[in-house]
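Structure record follows, encoded as structure tokens.
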Amino acid sequence: MAGDADKLNARFAAGDAVRFTERPGGCVANLRVADHTAVVALQGAQVLSFVPGGLGEVLWLSPLARLGAGKAVRGGIPVCWPWFGPHPHEASKPAHGFVRARNWSVTEVAGDGDEARIALAFEDFDARLEALWPHKAALQIEVTLGETLRVALTTRNTGVAPFSLTQALHTYLRVGDIAEVRVEGLEGSPYIDQLQAGRVGKSSRPIVIDGEVDRIYQDTADRVCVHDGAKGRVIEITKTGSRSTVVWNPWIEKSVRLGDMGEDGYRRMVCVETANAGRDAVMLEPGARHTLSLAIRAHRG
Ligand code: BG6
């Protein structure tokens, strides 16, 4: 019997631009154009890898990450939706919402020599999900690979009542050594310090990370640069439809608690998350839509 990957390859036939393969626990789409590659899992519509030609892997993925384990995969770009972080009133509901651990459906693939693209949808708000979130929505994610990787998450309110939404494209960036990393672009933006009971802080300096960091920057500009001294590389993230940026590194003790960061994972990653979180929630009227998008590129520097 044909597996999911075979069926998807037969149905979408996008040649070398997008090929589906099976991995233990789930199916992934492999995007390729020129010498750039990306991998997108159907679970969570989660980008797992982005390698712009000659510049090495840009995303961090835990060596312990497993598809199909019924929980989020640690690394890549998890989609947090329709709430960011713990549920605002009910601690028993899953952190960062429920779409990151569920399978999405492929709706479109395309490749034209300059770009490779895949679109996935999540629309199946069955009775079980209603207990978690009593609204109706259609979600679409589009991942486009070229020299730059673009990810766009569109939410449409298909119900009869307005709802408010917090969300993130929770990007794990791979770095050579966290001790030589500088995050620029958030200077002067107020942040909610999640490690200090939500105290508000502000700094005029680029961020350096030498301990646990968990901050929701509000009213952020559309561009953040991660300078990675050890790799001699700069990763630039630009965004639209997002007013918050989350910067997160669990450091040592929290890594032990999380259990899936790998031995020295915290030294090799930093999350710069394109978000609408905290007071930057998005309100959607029936029929209205909102797109949260990011573009990531890397260059030597
Ligand atoms: C970050 C949050 O976005 O995600 C952190 O700011 C959280 O507080 C982290 O610990 C990881 O969350 P999870 O649910 O993927 O372990």
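Starting from 1 in every chain, residues are counted up; chains themselves are A, B, ... following the order of the structure tokens, and ligands are numbered from 1 as listed.
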Taking only C-alpha atoms and all ligand atoms into account, produce a table as JSON lines in which each residue of chain A with an atom at most 10 Å from an atom of ligand 1 appears once, together with its shortest atom pair and the distance in Å to one decimal, ordered by chain and rising number.
{"residue": "A:Lys71", "atom": "CA", "partner": "ligand 1", "partner_atom_place_in_ligand_line": "15 (O)", "distance": 9.2}
{"residue": "A:Ala72", "atom": "CA", "partner": "ligand 1", "partner_atom_place_in_ligand_line": "15 (O)", "distance": 6.7}
{"residue": "A:Val73", "atom": "CA", "partner": "ligand 1", "partner_atom_place_in_ligand_line": "15 (O)", "distance": 7.9}
{"residue": "A:Arg74", "atom": "CA", "partner": "ligand 1", "partner_atom_place_in_ligand_line": "15 (O)", "distance": 6.5}
{"residue": "A:Gly75", "atom": "CA", "partner": "ligand 1", "partner_atom_place_in_ligand_line": "15 (O)", "distance": 8.6}
{"residue": "A:Pro78", "atom": "CA", "partner": "ligand 1", "partner_atom_place_in_ligand_line": "15 (O)", "distance": 8.0}
{"residue": "A:Val79", "atom": "CA", "partner": "ligand 1", "partner_atom_place_in_ligand_line": "15 (O)", "distance": 9.9}
{"residue": "A:Cys80", "atom": "CA", "partner": "ligand 1", "partner_atom_place_in_ligand_line": "3 (O)", "distance": 8.5}
{"residue": "A:Phe84", "atom": "CA", "partner": "ligand 1", "partner_atom_place_in_ligand_line": "3 (O)", "distance": 7.3}
{"residue": "A:Gly85", "atom": "CA", "partner": "ligand 1", "partner_atom_place_in_ligand_line": "2 (C)", "distance": 5.8}
{"residue": "A:Pro86", "atom": "CA", "partner": "ligand 1", "partner_atom_place_in_ligand_line": "14 (O)", "distance": 8.0}
{"residue": "A:Pro94", "atom": "CA", "partner": "ligand 1", "partner_atom_place_in_ligand_line": "14 (O)", "distance": 7.9}
{"residue": "A:Ala95", "atom": "CA", "partner": "ligand 1", "partner_atom_place_in_ligand_line": "14 (O)", "distance": 5.1}
{"residue": "A:His96", "atom": "CA", "partner": "ligand 1", "partner_atom_place_in_ligand_line": "14 (O)", "distance": 6.0}
{"residue": "A:Gly97", "atom": "CA", "partner": "ligand 1", "partner_atom_place_in_ligand_line": "14 (O)", "distance": 9.0}
{"residue": "A:Arg100", "atom": "CA", "partner": "ligand 1", "partner_atom_place_in_ligand_line": "15 (O)", "distance": 9.4}
{"residue": "A:Gln167", "atom": "CA", "partner": "ligand 1", "partner_atom_place_in_ligand_line": "3 (O)", "distance": 9.8}
{"residue": "A:Ala168", "atom": "CA", "partner": "ligand 1", "partner_atom_place_in_ligand_line": "3 (O)", "distance": 7.9}
{"residue": "A:Leu169", "atom": "CA", "partner": "ligand 1", "partner_atom_place_in_ligand_line": "3 (O)", "distance": 9.2}
{"residue": "A:His170", "atom": "CA", "partner": "ligand 1", "partner_atom_place_in_ligand_line": "3 (O)", "distance": 6.3}
{"residue": "A:Thr171", "atom": "CA", "partner": "ligand 1", "partner_atom_place_in_ligand_line": "3 (O)", "distance": 9.0}
{"residue": "A:Tyr172", "atom": "CA", "partner": "ligand 1", "partner_atom_place_in_ligand_line": "3 (O)", "distance": 9.8}
{"residue": "A:Asp193", "atom": "CA", "partner": "ligand 1", "partner_atom_place_in_ligand_line": "6 (O)", "distance": 9.4}
{"residue": "A:Gln194", "atom": "CA", "partner": "ligand 1", "partner_atom_place_in_ligand_line": "8 (O)", "distance": 6.8}
{"residue": "A:Leu195", "atom": "CA", "partner": "ligand 1", "partner_atom_place_in_ligand_line": "8 (O)", "distance": 8.4}
{"residue": "A:Val213", "atom": "CA", "partner": "ligand 1", "partner_atom_place_in_ligand_line": "6 (O)", "distance": 8.6}
{"residue": "A:Asp214", "atom": "CA", "partner": "ligand 1", "partner_atom_place_in_ligand_line": "6 (O)", "distance": 5.2}
{"residue": "A:Arg215", "atom": "CA", "partner": "ligand 1", "partner_atom_place_in_ligand_line": "6 (O)", "distance": 6.5}
{"residue": "A:Ile216", "atom": "CA", "partner": "ligand 1", "partner_atom_place_in_ligand_line": "6 (O)", "distance": 7.1}
{"residue": "A:Thr245", "atom": "CA", "partner": "ligand 1", "partner_atom_place_in_ligand_line": "3 (O)", "distance": 9.6}
{"residue": "A:Val246", "atom": "CA", "partner": "ligand 1", "partner_atom_place_in_ligand_line": "3 (O)", "distance": 6.4}
{"residue": "A:Val247", "atom": "CA", "partner": "ligand 1", "partner_atom_place_in_ligand_line": "6 (O)", "distance": 7.2}
{"residue": "A:Trp248", "atom": "CA", "partner": "ligand 1", "partner_atom_place_in_ligand_line": "1 (C)", "distance": 5.8}
{"residue": "A:Asn249", "atom": "CA", "partner": "ligand 1", "partner_atom_place_in_ligand_line": "9 (C)", "distance": 8.1}
{"residue": "A:Pro250", "atom": "CA", "partner": "ligand 1", "partner_atom_place_in_ligand_line": "10 (O)", "distance": 6.9}
{"residue": "A:Lys254", "atom": "CA", "partner": "ligand 1", "partner_atom_place_in_ligand_line": "10 (O)", "distance": 8.1}
{"residue": "A:Ser255", "atom": "CA", "partner": "ligand 1", "partner_atom_place_in_ligand_line": "10 (O)", "distance": 9.4}
{"residue": "A:Arg257", "atom": "CA", "partner": "ligand 1", "partner_atom_place_in_ligand_line": "16 (O)", "distance": 9.6}
{"residue": "A:Leu258", "atom": "CA", "partner": "ligand 1", "partner_atom_place_in_ligand_line": "16 (O)", "distance": 6.5}
{"residue": "A:Gly259", "atom": "CA", "partner": "ligand 1", "partner_atom_place_in_ligand_line": "16 (O)", "distance": 9.6}
{"residue": "A:Asp260", "atom": "CA", "partner": "ligand 1", "partner_atom_place_in_ligand_line": "16 (O)", "distance": 9.1}
{"residue": "A:Met261", "atom": "CA", "partner": "ligand 1", "partner_atom_place_in_ligand_line": "16 (O)", "distance": 9.7}
{"residue": "A:Cys271", "atom": "CA", "partner": "ligand 1", "partner_atom_place_in_ligand_line": "3 (O)", "distance": 7.6}
{"residue": "A:Val272", "atom": "CA", "partner": "ligand 1", "partner_atom_place_in_ligand_line": "3 (O)", "distance": 8.7}
{"residue": "A:Glu273", "atom": "CA", "partner": "ligand 1", "partner_atom_place_in_ligand_line": "3 (O)", "distance": 7.0}
{"residue": "A:Thr274", "atom": "CA", "partner": "ligand 1", "partner_atom_place_in_ligand_line": "3 (O)", "distance": 9.8}
{"residue": "A:Ala275", "atom": "CA", "partner": "ligand 1", "partner_atom_place_in_ligand_line": "3 (O)", "distance": 9.2}
{"residue": "A:Ala277", "atom": "CA", "partner": "ligand 1", "partner_atom_place_in_ligand_line": "3 (O)", "distance": 9.7}
Which of region 86-168 of chain A end up as strand (DSSP E) when DSSP is run on this backbone - answer as a VMD selection string?
chain A and resid 105 to 111 116 to 122 137 to 145 149 to 157 163 to 165 167 to 168
For Lys136 (chain A), find every residue with an atom within 12 Å (counting only C-alpha atoms), except residues of its own chain fewer than 6 positions away, and show them as a ChimeraX atom specification.
/A:82,122-127,129-130,155-164,284-288
Output for the residues just chosen: N, CA, C and O atoms as a compact mmCIF listing (two decimals), in the first residue's frame:
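For reference, part-v1.txt as written:
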# COMPACT_ATOMS: atom_id res chain seq x y z
N PRO A 82 -3.99 28.99 19.13
CA PRO A 82 -4.44 30.39 19.12
C PRO A 82 -4.10 31.13 20.42
O PRO A 82 -4.67 32.18 20.66
N PHE A 122 -5.12 24.04 8.21
CA PHE A 122 -5.66 23.39 9.40
C PHE A 122 -7.08 23.93 9.57
O PHE A 122 -7.26 25.12 9.84
N GLU A 123 -8.05 23.07 9.34
CA GLU A 123 -9.44 23.55 9.35
C GLU A 123 -10.35 22.66 10.17
O GLU A 123 -11.52 22.93 10.32
N ASP A 124 -9.78 21.59 10.68
CA ASP A 124 -10.58 20.54 11.25
C ASP A 124 -10.88 20.80 12.74
O ASP A 124 -10.30 20.18 13.62
N PHE A 125 -11.74 21.79 13.00
CA PHE A 125 -12.06 22.11 14.39
C PHE A 125 -13.19 21.21 14.88
O PHE A 125 -14.35 21.59 14.92
N ASP A 126 -12.83 19.96 15.19
CA ASP A 126 -13.84 18.98 15.59
C ASP A 126 -14.27 19.20 17.04
O ASP A 126 -13.79 20.11 17.73
N ALA A 127 -15.16 18.33 17.50
CA ALA A 127 -15.75 18.52 18.84
C ALA A 127 -14.68 18.52 19.94
O ALA A 127 -14.75 19.28 20.90
N LEU A 129 -11.66 19.62 19.73
CA LEU A 129 -10.98 20.92 19.76
C LEU A 129 -11.89 22.01 20.32
O LEU A 129 -11.42 22.96 20.94
N GLU A 130 -13.19 21.84 20.08
CA GLU A 130 -14.13 22.84 20.60
C GLU A 130 -14.01 22.97 22.12
O GLU A 130 -14.19 24.04 22.68
N THR A 155 -4.92 33.52 9.51
CA THR A 155 -6.08 33.06 10.29
C THR A 155 -7.31 33.76 9.75
O THR A 155 -7.31 34.99 9.61
N ARG A 156 -8.35 32.98 9.47
CA ARG A 156 -9.63 33.57 9.05
C ARG A 156 -10.69 33.14 10.04
O ARG A 156 -10.77 31.95 10.38
N ASN A 157 -11.44 34.09 10.51
CA ASN A 157 -12.53 33.77 11.42
C ASN A 157 -13.72 33.28 10.60
O ASN A 157 -14.34 34.05 9.88
N THR A 158 -14.02 31.98 10.68
CA THR A 158 -15.13 31.41 9.90
C THR A 158 -16.37 31.23 10.77
O THR A 158 -17.34 30.60 10.35
N GLY A 159 -16.33 31.75 11.98
CA GLY A 159 -17.47 31.60 12.89
C GLY A 159 -18.37 32.83 12.87
O GLY A 159 -18.26 33.68 11.98
N VAL A 160 -19.24 32.92 13.88
CA VAL A 160 -20.22 34.02 13.91
C VAL A 160 -19.92 35.02 15.02
O VAL A 160 -20.62 36.01 15.17
N ALA A 161 -18.87 34.73 15.80
CA ALA A 161 -18.53 35.64 16.90
C ALA A 161 -17.08 36.08 16.75
O ALA A 161 -16.26 35.33 16.22
N PRO A 162 -16.75 37.29 17.21
CA PRO A 162 -15.35 37.70 17.17
C PRO A 162 -14.52 36.88 18.15
O PRO A 162 -15.06 36.33 19.11
N PHE A 163 -13.22 36.74 17.88
CA PHE A 163 -12.34 36.14 18.89
C PHE A 163 -11.03 36.89 18.91
O PHE A 163 -10.67 37.57 17.95
N SER A 164 -10.31 36.75 20.02
CA SER A 164 -8.98 37.36 20.07
C SER A 164 -7.94 36.24 20.15
O SER A 164 -8.21 35.14 20.61
N LEU A 284 -10.24 39.39 15.85
CA LEU A 284 -10.75 39.09 14.51
C LEU A 284 -12.27 39.01 14.53
O LEU A 284 -12.86 38.16 15.21
N GLU A 285 -12.91 39.85 13.74
CA GLU A 285 -14.37 39.82 13.58
C GLU A 285 -14.74 38.66 12.65
O GLU A 285 -13.89 38.20 11.88
N PRO A 286 -15.99 38.19 12.69
CA PRO A 286 -16.39 37.13 11.76
C PRO A 286 -16.07 37.52 10.31
O PRO A 286 -16.32 38.65 9.90
N GLY A 287 -15.47 36.60 9.57
CA GLY A 287 -15.12 36.86 8.17
C GLY A 287 -13.77 37.55 7.99
O GLY A 287 -13.20 37.55 6.90
N ALA A 288 -13.22 38.12 9.07
CA ALA A 288 -11.95 38.87 8.92
C ALA A 288 -10.77 37.91 8.94
O ALA A 288 -10.86 36.79 9.43
Based on the backbone DSSP call, show me all residues of region 64-281 of chain A assigned alpha helix (DSSP H), as a compact mmCIF listing (two decimals) with all heavy atoms, in the first residue's frame.
# COMPACT_ATOMS: atom_id res chain seq x y z
N ALA A 127 -15.16 18.33 17.50
CA ALA A 127 -15.75 18.52 18.84
C ALA A 127 -14.68 18.52 19.94
O ALA A 127 -14.75 19.28 20.90
CB ALA A 127 -16.77 17.42 19.10
N ARG A 128 -13.63 17.69 19.75
CA ARG A 128 -12.58 17.63 20.76
C ARG A 128 -11.87 18.99 20.89
O ARG A 128 -11.54 19.46 21.96
CB ARG A 128 -11.56 16.56 20.37
CG ARG A 128 -11.48 15.43 21.36
CD ARG A 128 -10.67 14.28 20.84
NE ARG A 128 -10.25 14.39 19.47
CZ ARG A 128 -8.98 14.44 19.07
NH1 ARG A 128 -8.02 14.41 19.94
NH2 ARG A 128 -8.69 14.52 17.78
N LEU A 129 -11.66 19.62 19.73
CA LEU A 129 -10.98 20.92 19.76
C LEU A 129 -11.89 22.01 20.32
O LEU A 129 -11.42 22.96 20.94
CB LEU A 129 -10.50 21.30 18.37
CG LEU A 129 -9.23 20.59 17.92
CD1 LEU A 129 -8.71 21.20 16.64
CD2 LEU A 129 -8.15 20.66 18.99
N GLU A 130 -13.19 21.84 20.08
CA GLU A 130 -14.13 22.84 20.60
C GLU A 130 -14.01 22.97 22.12
O GLU A 130 -14.19 24.04 22.68
CB GLU A 130 -15.55 22.44 20.24
CG GLU A 130 -16.15 23.41 19.24
CD GLU A 130 -17.53 22.96 18.85
OE1 GLU A 130 -18.44 23.02 19.71
OE2 GLU A 130 -17.66 22.51 17.71
N ALA A 131 -13.68 21.84 22.76
CA ALA A 131 -13.53 21.88 24.21
C ALA A 131 -12.29 22.71 24.59
O ALA A 131 -12.23 23.30 25.66
CB ALA A 131 -13.39 20.46 24.75
N LEU A 132 -11.32 22.76 23.70
CA LEU A 132 -10.12 23.55 23.98
C LEU A 132 -10.31 25.01 23.58
O LEU A 132 -9.75 25.92 24.20
CB LEU A 132 -8.94 23.00 23.17
CG LEU A 132 -8.27 21.73 23.65
CD1 LEU A 132 -7.21 21.28 22.66
CD2 LEU A 132 -7.63 21.95 25.02
N TRP A 251 18.67 28.32 28.95
CA TRP A 251 19.91 28.13 29.71
C TRP A 251 19.94 26.74 30.36
O TRP A 251 19.27 25.82 29.86
CB TRP A 251 20.14 29.28 30.69
CG TRP A 251 21.60 29.58 30.89
CD1 TRP A 251 22.32 29.38 32.02
CD2 TRP A 251 22.50 30.10 29.91
NE1 TRP A 251 23.63 29.75 31.82
CE2 TRP A 251 23.77 30.20 30.53
CE3 TRP A 251 22.39 30.50 28.57
CZ2 TRP A 251 24.90 30.68 29.87
CZ3 TRP A 251 23.51 30.97 27.91
CH2 TRP A 251 24.74 31.05 28.57
N ILE A 252 20.68 26.58 31.48
CA ILE A 252 21.01 25.22 31.92
C ILE A 252 19.88 24.53 32.69
O ILE A 252 19.41 23.46 32.31
CB ILE A 252 22.31 25.24 32.76
CG1 ILE A 252 23.46 25.78 31.88
CG2 ILE A 252 22.66 23.84 33.29
CD1 ILE A 252 24.71 26.16 32.63
N GLU A 253 19.41 25.19 33.77
CA GLU A 253 18.42 24.49 34.63
C GLU A 253 17.13 24.21 33.91
O GLU A 253 16.56 23.11 34.00
CB GLU A 253 18.11 25.33 35.87
CG GLU A 253 19.14 25.13 36.95
CD GLU A 253 18.93 26.11 38.09
OE1 GLU A 253 17.77 26.50 38.35
OE2 GLU A 253 19.93 26.50 38.70
N LYS A 254 16.64 25.20 33.15
CA LYS A 254 15.36 24.96 32.45
C LYS A 254 15.54 23.90 31.37
O LYS A 254 14.63 23.12 31.11
CB LYS A 254 14.81 26.26 31.87
CG LYS A 254 13.45 26.04 31.21
CD LYS A 254 12.59 27.27 31.16
CE LYS A 254 11.28 26.95 30.44
NZ LYS A 254 10.35 28.06 30.41
N SER A 255 16.73 23.85 30.74
CA SER A 255 16.98 22.80 29.74
C SER A 255 16.82 21.43 30.39
O SER A 255 16.25 20.52 29.80
CB SER A 255 18.39 22.91 29.15
OG SER A 255 18.48 24.05 28.35
N VAL A 256 17.33 21.30 31.60
CA VAL A 256 17.23 20.00 32.29
C VAL A 256 15.75 19.69 32.52
O VAL A 256 15.28 18.58 32.26
CB VAL A 256 18.02 20.02 33.62
CG1 VAL A 256 17.77 18.75 34.43
CG2 VAL A 256 19.51 20.20 33.34
N ARG A 257 14.99 20.71 32.95
CA ARG A 257 13.55 20.49 33.20
C ARG A 257 12.82 20.12 31.90
O ARG A 257 11.96 19.25 31.89
CB ARG A 257 12.91 21.76 33.77
CG ARG A 257 13.25 22.03 35.21
CD ARG A 257 12.17 22.87 35.89
NE ARG A 257 11.93 24.17 35.28
CZ ARG A 257 12.68 25.24 35.46
NH1 ARG A 257 13.76 25.18 36.22
NH2 ARG A 257 12.38 26.39 34.90
N LEU A 258 13.18 20.78 30.80
CA LEU A 258 12.48 20.50 29.54
C LEU A 258 12.78 19.09 29.05
O LEU A 258 11.93 18.43 28.48
CB LEU A 258 12.89 21.52 28.46
CG LEU A 258 12.41 22.95 28.71
CD1 LEU A 258 13.02 23.89 27.69
CD2 LEU A 258 10.89 23.03 28.66
For region 48-54 of chain A, find every residue with an atom within 9 Å (counting only C-alpha atoms), except residues of its own chain fewer than 2 positions away, and show them as a ChimeraX atom specification.
/A:34-41,46,56-61,73,75-78,145-149,297-298
Kindly export the residues of the current selection with N, CA, C and O atoms, as an mmCIF file, in the first residue's frame.
data_model
loop_
_atom_site.group_PDB
_atom_site.id
_atom_site.type_symbol
_atom_site.label_atom_id
_atom_site.label_comp_id
_atom_site.auth_asym_id
_atom_site.auth_seq_id
_atom_site.Cartn_x
_atom_site.Cartn_y
_atom_site.Cartn_z
ATOM 1 N N ALA A 34 17.615 25.843 -6.622
ATOM 2 C CA ALA A 34 19.051 26.123 -6.753
ATOM 3 C C ALA A 34 19.781 25.339 -5.660
ATOM 4 O O ALA A 34 19.530 24.154 -5.486
ATOM 5 N N ASP A 35 20.651 25.990 -4.863
ATOM 6 C CA ASP A 35 21.322 25.219 -3.812
ATOM 7 C C ASP A 35 20.761 25.532 -2.417
ATOM 8 O O ASP A 35 21.462 25.428 -1.418
ATOM 9 N N HIS A 36 19.485 25.919 -2.380
ATOM 10 C CA HIS A 36 18.818 26.172 -1.093
ATOM 11 C C HIS A 36 17.862 25.016 -0.800
ATOM 12 O O HIS A 36 17.188 24.526 -1.707
ATOM 13 N N THR A 37 17.786 24.626 0.481
ATOM 14 C CA THR A 37 16.842 23.558 0.849
ATOM 15 C C THR A 37 16.085 23.934 2.122
ATOM 16 O O THR A 37 16.567 24.731 2.940
ATOM 17 N N ALA A 38 14.919 23.319 2.259
ATOM 18 C CA ALA A 38 14.142 23.447 3.502
ATOM 19 C C ALA A 38 13.354 22.159 3.695
ATOM 20 O O ALA A 38 13.097 21.428 2.734
ATOM 21 N N VAL A 39 12.997 21.893 4.942
ATOM 22 C CA VAL A 39 12.174 20.723 5.267
ATOM 23 C C VAL A 39 10.995 21.214 6.110
ATOM 24 O O VAL A 39 11.183 21.993 7.056
ATOM 25 N N VAL A 40 9.791 20.766 5.741
ATOM 26 C CA VAL A 40 8.574 21.154 6.467
ATOM 27 C C VAL A 40 7.836 19.883 6.873
ATOM 28 O O VAL A 40 7.524 19.043 6.017
ATOM 29 N N ALA A 41 7.546 19.732 8.168
ATOM 30 C CA ALA A 41 6.796 18.560 8.628
ATOM 31 C C ALA A 41 5.300 18.829 8.491
ATOM 32 O O ALA A 41 4.848 19.955 8.718
ATOM 33 N N GLN A 46 5.336 22.531 10.568
ATOM 34 C CA GLN A 46 6.530 23.061 11.226
ATOM 35 C C GLN A 46 7.758 22.965 10.320
ATOM 36 O O GLN A 46 8.119 21.871 9.882
ATOM 37 N N GLY A 56 25.065 27.132 5.428
ATOM 38 C CA GLY A 56 24.840 26.202 6.539
ATOM 39 C C GLY A 56 23.432 26.287 7.103
ATOM 40 O O GLY A 56 22.648 27.166 6.748
ATOM 41 N N GLU A 57 23.134 25.355 8.003
ATOM 42 C CA GLU A 57 21.790 25.285 8.618
ATOM 43 C C GLU A 57 21.519 26.537 9.443
ATOM 44 O O GLU A 57 22.352 26.956 10.250
ATOM 45 N N VAL A 58 20.352 27.131 9.253
ATOM 46 C CA VAL A 58 19.971 28.351 9.967
ATOM 47 C C VAL A 58 19.111 28.035 11.196
ATOM 48 O O VAL A 58 19.083 28.791 12.155
ATOM 49 N N LEU A 59 18.392 26.897 11.156
ATOM 50 C CA LEU A 59 17.463 26.586 12.251
ATOM 51 C C LEU A 59 18.055 25.529 13.171
ATOM 52 O O LEU A 59 18.723 24.594 12.714
ATOM 53 N N TRP A 60 17.774 25.656 14.466
ATOM 54 C CA TRP A 60 18.211 24.654 15.428
ATOM 55 C C TRP A 60 17.101 23.631 15.626
ATOM 56 O O TRP A 60 15.927 23.991 15.759
ATOM 57 N N LEU A 61 17.462 22.362 15.613
ATOM 58 C CA LEU A 61 16.504 21.288 15.870
ATOM 59 C C LEU A 61 17.140 20.360 16.889
ATOM 60 O O LEU A 61 18.287 19.918 16.698
ATOM 61 N N VAL A 73 7.457 19.314 18.479
ATOM 62 C CA VAL A 73 8.848 19.017 18.149
ATOM 63 C C VAL A 73 9.699 20.208 18.597
ATOM 64 O O VAL A 73 9.366 21.359 18.312
ATOM 65 N N GLY A 75 12.284 22.593 18.176
ATOM 66 C CA GLY A 75 13.202 23.170 17.199
ATOM 67 C C GLY A 75 12.489 23.578 15.932
ATOM 68 O O GLY A 75 11.278 23.411 15.793
ATOM 69 N N GLY A 76 13.261 24.149 14.988
ATOM 70 C CA GLY A 76 12.646 24.615 13.745
ATOM 71 C C GLY A 76 11.757 25.821 14.011
ATOM 72 O O GLY A 76 12.118 26.709 14.788
ATOM 73 N N ILE A 77 10.560 25.822 13.391
ATOM 74 C CA ILE A 77 9.637 26.946 13.594
ATOM 75 C C ILE A 77 8.265 26.403 14.006
ATOM 76 O O ILE A 77 7.363 26.257 13.170
ATOM 77 N N PRO A 78 8.071 26.074 15.291
ATOM 78 C CA PRO A 78 6.741 25.664 15.730
ATOM 79 C C PRO A 78 5.735 26.812 15.579
ATOM 80 O O PRO A 78 6.091 27.988 15.722
ATOM 81 N N LEU A 145 10.528 28.970 -0.292
ATOM 82 C CA LEU A 145 11.987 28.863 -0.211
ATOM 83 C C LEU A 145 12.643 29.482 -1.432
ATOM 84 O O LEU A 145 12.285 29.178 -2.570
ATOM 85 N N GLY A 146 13.604 30.373 -1.172
ATOM 86 C CA GLY A 146 14.524 30.862 -2.187
ATOM 87 C C GLY A 146 15.806 31.111 -1.402
ATOM 88 O O GLY A 146 16.087 30.401 -0.433
ATOM 89 N N GLU A 147 16.521 32.167 -1.742
ATOM 90 C CA GLU A 147 17.667 32.552 -0.922
ATOM 91 C C GLU A 147 17.183 32.917 0.496
ATOM 92 O O GLU A 147 17.880 32.737 1.481
ATOM 93 N N THR A 148 15.945 33.447 0.521
ATOM 94 C CA THR A 148 15.265 33.784 1.777
ATOM 95 C C THR A 148 14.185 32.747 2.025
ATOM 96 O O THR A 148 13.602 32.230 1.074
ATOM 97 N N LEU A 149 13.917 32.445 3.289
ATOM 98 C CA LEU A 149 12.783 31.581 3.625
ATOM 99 C C LEU A 149 11.658 32.479 4.128
ATOM 100 O O LEU A 149 11.875 33.304 5.025
ATOM 101 N N ARG A 297 16.835 35.420 6.342
ATOM 102 C CA ARG A 297 17.952 35.205 5.430
ATOM 103 C C ARG A 297 19.254 35.273 6.222
ATOM 104 O O ARG A 297 19.285 35.816 7.335
ATOM 105 N N ALA A 298 20.294 34.713 5.630
ATOM 106 C CA ALA A 298 21.578 34.711 6.337
ATOM 107 C C ALA A 298 22.638 35.261 5.394
ATOM 108 O O ALA A 298 22.507 35.166 4.177
#
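Counting only C-alpha atoms, the residue from A:Ala101, A:Val33, A:Ile235, A:Ile178 that sits nearest to Val208 (chain A) is A:Ile178.
You can rank A:Ala152, A:Ala17, A:Val183, A:Ala137 by their closest distance to Glu115 (chain A) using only C-alpha atoms, and at the top of that list sits A:Ala17.
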Contact residues around Leu292 (chain A) with only C-alpha atoms at 7 Å, ignoring same-chain residues under 6 positions, as number ranges by chain:
A: 152-154, 240-242
Polymer residues at most 7 Å from Arg117 (chain A), only C-alpha atoms, same-chain spacing of 2 or more positions, as a list in words:
Val109, Ala110, Gly111, Glu115, Ala119, Val143, Thr144 and Leu145 of chain A
Can you write out the residues you just picked, keeping N, CA and C atoms, as a PDB file, in the first residue's frame?
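Once written, selection-v7.pdb looks like this:
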ATOM      1  N   VAL A 109       1.402  22.785  -3.791  1.00  0.00           N
ATOM      2  CA  VAL A 109       2.859  22.894  -3.875  1.00  0.00           C
ATOM      3  C   VAL A 109       3.198  23.491  -5.234  1.00  0.00           C
ATOM      4  N   ALA A 110       4.317  24.200  -5.311  1.00  0.00           N
ATOM      5  CA  ALA A 110       4.694  24.827  -6.579  1.00  0.00           C
ATOM      6  C   ALA A 110       6.198  25.036  -6.605  1.00  0.00           C
ATOM      7  N   GLY A 111       6.757  25.058  -7.805  1.00  0.00           N
ATOM      8  CA  GLY A 111       8.180  25.350  -7.960  1.00  0.00           C
ATOM      9  C   GLY A 111       8.375  25.950  -9.334  1.00  0.00           C
ATOM     10  N   GLU A 115      11.774  29.783  -6.917  1.00  0.00           N
ATOM     11  CA  GLU A 115      11.221  29.535  -5.581  1.00  0.00           C
ATOM     12  C   GLU A 115      10.509  28.188  -5.543  1.00  0.00           C
ATOM     13  N   ALA A 119       1.844  25.015   0.608  1.00  0.00           N
ATOM     14  CA  ALA A 119       0.794  25.590   1.473  1.00  0.00           C
ATOM     15  C   ALA A 119       0.128  24.448   2.224  1.00  0.00           C
ATOM     16  N   VAL A 143       4.879  28.301   3.037  1.00  0.00           N
ATOM     17  CA  VAL A 143       6.330  28.340   3.227  1.00  0.00           C
ATOM     18  C   VAL A 143       6.958  28.462   1.842  1.00  0.00           C
ATOM     19  N   THR A 144       7.742  29.501   1.647  1.00  0.00           N
ATOM     20  CA  THR A 144       8.345  29.755   0.341  1.00  0.00           C
ATOM     21  C   THR A 144       9.850  29.800   0.497  1.00  0.00           C
ATOM     22  N   LEU A 145      10.528  28.970  -0.292  1.00  0.00           N
ATOM     23  CA  LEU A 145      11.987  28.863  -0.211  1.00  0.00           C
ATOM     24  C   LEU A 145      12.643  29.482  -1.432  1.00  0.00           C
TER      25      LEU A 145
END
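In this model, the gap between CA of Ser293 (chain A) and CA of Val28 (chain A) comes to 21.2 Å.
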